[in-house]
file structure.cif (mmCIF, C-alpha atoms and all ligand atoms)
data_target
loop_
_atom_site.group_PDB
_atom_site.id
_atom_site.type_symbol
_atom_site.label_atom_id
_atom_site.label_comp_id
_atom_site.auth_asym_id
_atom_site.auth_seq_id
_atom_site.Cartn_x
_atom_site.Cartn_y
_atom_site.Cartn_z
ATOM 1 C CA MET R 881 7.369 -1.463 -5.787
ATOM 2 C CA ALA R 882 8.993 -4.612 -7.071
ATOM 3 C CA ASP R 883 12.533 -3.400 -6.684
ATOM 4 C CA ALA R 884 12.326 -1.750 -3.298
ATOM 5 C CA PHE R 885 14.986 -4.142 -2.139
ATOM 6 C CA GLY R 886 16.622 -4.468 -5.491
ATOM 7 C CA SER R 887 20.048 -3.116 -4.703
ATOM 8 C CA CYS R 888 21.693 -5.964 -2.939
ATOM 9 C CA GLY R 889 23.502 -5.343 0.289
ATOM 10 C CA THR R 890 21.472 -2.363 1.362
ATOM 11 C CA ALA R 891 24.688 -1.087 2.860
ATOM 12 C CA GLU R 892 23.849 2.555 2.440
ATOM 13 C CA LEU R 893 22.486 4.345 5.430
ATOM 14 C CA PRO R 894 19.794 6.933 4.946
ATOM 15 C CA VAL R 895 21.098 10.441 5.343
ATOM 16 C CA GLY R 896 18.764 13.174 6.484
ATOM 17 C CA LYS R 897 15.164 13.358 7.515
ATOM 18 C CA GLU R 898 13.723 12.844 4.067
ATOM 19 C CA ALA R 899 15.698 9.686 3.441
ATOM 20 C CA VAL R 900 14.642 8.304 6.811
ATOM 21 C CA ASN R 901 11.001 9.088 6.217
ATOM 22 C CA ARG R 902 11.138 7.484 2.815
ATOM 23 C CA LEU R 903 12.749 4.401 4.285
ATOM 24 C CA ILE R 904 9.963 4.120 6.830
ATOM 25 C CA LYS R 905 7.333 4.585 4.182
ATOM 26 C CA GLU R 906 8.835 1.906 1.981
ATOM 27 C CA ASN R 907 9.117 -0.546 4.861
ATOM 28 C CA LYS R 908 5.895 0.063 6.746
ATOM 29 C CA HIS R 909 5.641 -3.553 7.810
ATOM 30 C CA ILE R 910 8.799 -3.321 9.883
ATOM 31 C CA PHE R 911 9.459 0.382 10.463
ATOM 32 C CA SER R 912 7.296 3.142 11.839
ATOM 33 C CA ASP R 913 7.722 6.613 13.278
ATOM 34 C CA SER R 914 7.561 5.252 16.787
ATOM 35 C CA GLN R 915 8.973 1.762 16.529
ATOM 36 C CA CYS R 916 11.576 -0.280 14.706
ATOM 37 C CA LYS R 917 10.433 -3.865 14.698
ATOM 38 C CA VAL R 918 13.739 -5.125 13.399
ATOM 39 C CA CYS R 919 15.585 -3.891 16.478
ATOM 40 C CA SER R 920 12.578 -3.937 18.813
ATOM 41 C CA ALA R 921 13.356 -0.299 19.458
ATOM 42 C CA VAL R 922 10.831 2.237 20.652
ATOM 43 C CA LEU R 923 11.452 5.669 19.224
ATOM 44 C CA ILE R 924 9.974 8.277 21.459
ATOM 45 C CA SER R 925 11.028 11.382 19.620
ATOM 46 C CA GLU R 926 11.735 12.641 16.145
ATOM 47 C CA SER R 927 15.427 13.010 16.868
ATOM 48 C CA GLN R 928 15.608 9.523 18.279
ATOM 49 C CA LYS R 929 13.861 8.195 15.221
ATOM 50 C CA LEU R 930 16.301 9.911 12.895
ATOM 51 C CA ALA R 931 19.290 8.815 14.924
ATOM 52 C CA HIS R 932 18.089 5.250 15.054
ATOM 53 C CA TYR R 933 17.408 4.721 11.380
ATOM 54 C CA GLN R 934 20.688 6.342 10.468
ATOM 55 C CA SER R 935 22.711 4.282 12.891
ATOM 56 C CA ARG R 936 25.030 1.518 11.815
ATOM 57 C CA LYS R 937 23.663 -0.720 14.517
ATOM 58 C CA HIS R 938 20.269 -0.533 12.937
ATOM 59 C CA ALA R 939 21.701 -1.092 9.468
ATOM 60 C CA ASN R 940 23.426 -4.251 10.621
ATOM 61 C CA LYS R 941 20.315 -5.641 12.238
ATOM 62 C CA TYR R 942 18.285 -4.744 9.229
ATOM 63 C CA ARG R 943 20.668 -6.533 6.920
ATOM 64 C CA ARG R 944 20.577 -9.556 9.143
ATOM 65 C CA TYR R 945 16.799 -9.447 9.220
ATOM 66 C CA MET R 946 16.666 -9.291 5.442
ATOM 67 C CA GLU R 947 18.901 -12.324 5.167
ATOM 68 C CA ILE R 948 16.696 -14.348 7.476
ATOM 69 C CA HIS R 949 13.411 -13.228 5.992
ATOM 70 C CA GLN R 950 14.499 -13.204 2.405
ATOM 71 C CA GLY R 951 11.550 -13.823 0.164
ATOM 72 C CA GLU R 952 9.155 -14.402 3.032
ATOM 73 C CA ASP R 953 7.681 -11.089 3.892
ATOM 74 C CA PHE R 954 7.155 -9.424 0.600
ATOM 75 C CA GLY R 955 3.984 -10.928 -0.623
ATOM 76 C CA LEU R 956 5.513 -13.148 -3.247
ATOM 77 C CA PRO R 957 4.108 -16.641 -3.043
ATOM 78 C CA LYS R 958 7.341 -18.408 -3.758
ATOM 79 C CA LYS R 959 6.345 -21.692 -2.244
ATOM 80 C CA LEU R 960 4.262 -22.861 -5.155
ATOM 81 C CA LYS R 961 6.306 -25.973 -5.472
ATOM 82 C CA THR R 962 5.378 -28.160 -2.541
ATOM 83 C CA VAL R 963 7.645 -30.965 -1.639
ATOM 84 C CA SER R 964 5.739 -33.892 -0.273
HETATM 85 ZN ZN ZN Y 1 16.242 -0.454 13.904
#
call {"tool": "encode", "arguments": {"input": "structure.cif", "output": "structure tokens"}}
result
Amino acid sequence: MADAFGSCGTAELPVGKEAVNRLIKENKHIFSDSQCKVCSAVLISESQKLAHYQSRKHANKYRRYMEIHQGEDFGLPKKLKTVS
């Protein structure tokens, strides 16, 4: 679980249904079968879902999202050191 986002860049797009489903499963907090929270996209059908998660547009937004939310969303309490 720790290295789900280990490979930096995440430039590779998922190819095929299995890769897409795995991606969704690994990123449940932002992806689902019916919605991509990163792109605010509603995915009304299986084919739309597959097309969306394999699209470069999505990959770009996702990468952007990861840059912004780096270290925030993944349950690691990194802010132990409080600056007062
Ligand atoms: Zn998306």
call {"tool": "resolve_selection", "arguments": {"input": "structure.cif", "expression": "the PyMOL selection byres (((chain R and resi 906-916) around 10) and not hetatm)", "output": "ChimeraX atom specification"}}
result
/R:881,884-885,900-905,917-926,928-930,932-933,938,942,953-954
call {"tool": "atom_distance", "arguments": {"input": "structure.cif", "atom1": "atom CA of Tyr945 of chain R", "atom2": "atom CA of Glu898 of chain R"}}
result
23.1 Å
call {"tool": "closest_residue", "arguments": {"input": "structure.cif", "among": "R:Ala899, R:Ile948, R:Glu892, R:Lys941", "to": "ligand ZN 1 (chain Y)", "atoms": "only C-alpha atoms and all ligand atoms"}}
result
R:Lys941
call {"tool": "atom_distance", "arguments": {"input": "structure.cif", "atom1": "atom CA of His949 of chain R", "atom2": "atom ZN of ligand ZN 1 (chain Y)"}}
result
15.3 Å
call {"tool": "closest_residue", "arguments": {"input": "structure.cif", "among": "R:Gln950, R:Val895, R:Ser927, R:Arg943", "to": "ligand ZN 1 (chain Y)", "atoms": "all atoms listed in the file"}}
result
R:Arg943
call {"tool": "axis_aligned_box", "arguments": {"input": "structure.cif", "around": "segment 927-945 of chain R", "padding_each_side": "4 Å", "output": "lines of an AutoDock Vina configuration file"}}
result
center_x = 19.4
center_y = 1.7
center_z = 12.6
size_x = 19.2
size_y = 30.6
size_z = 19.4
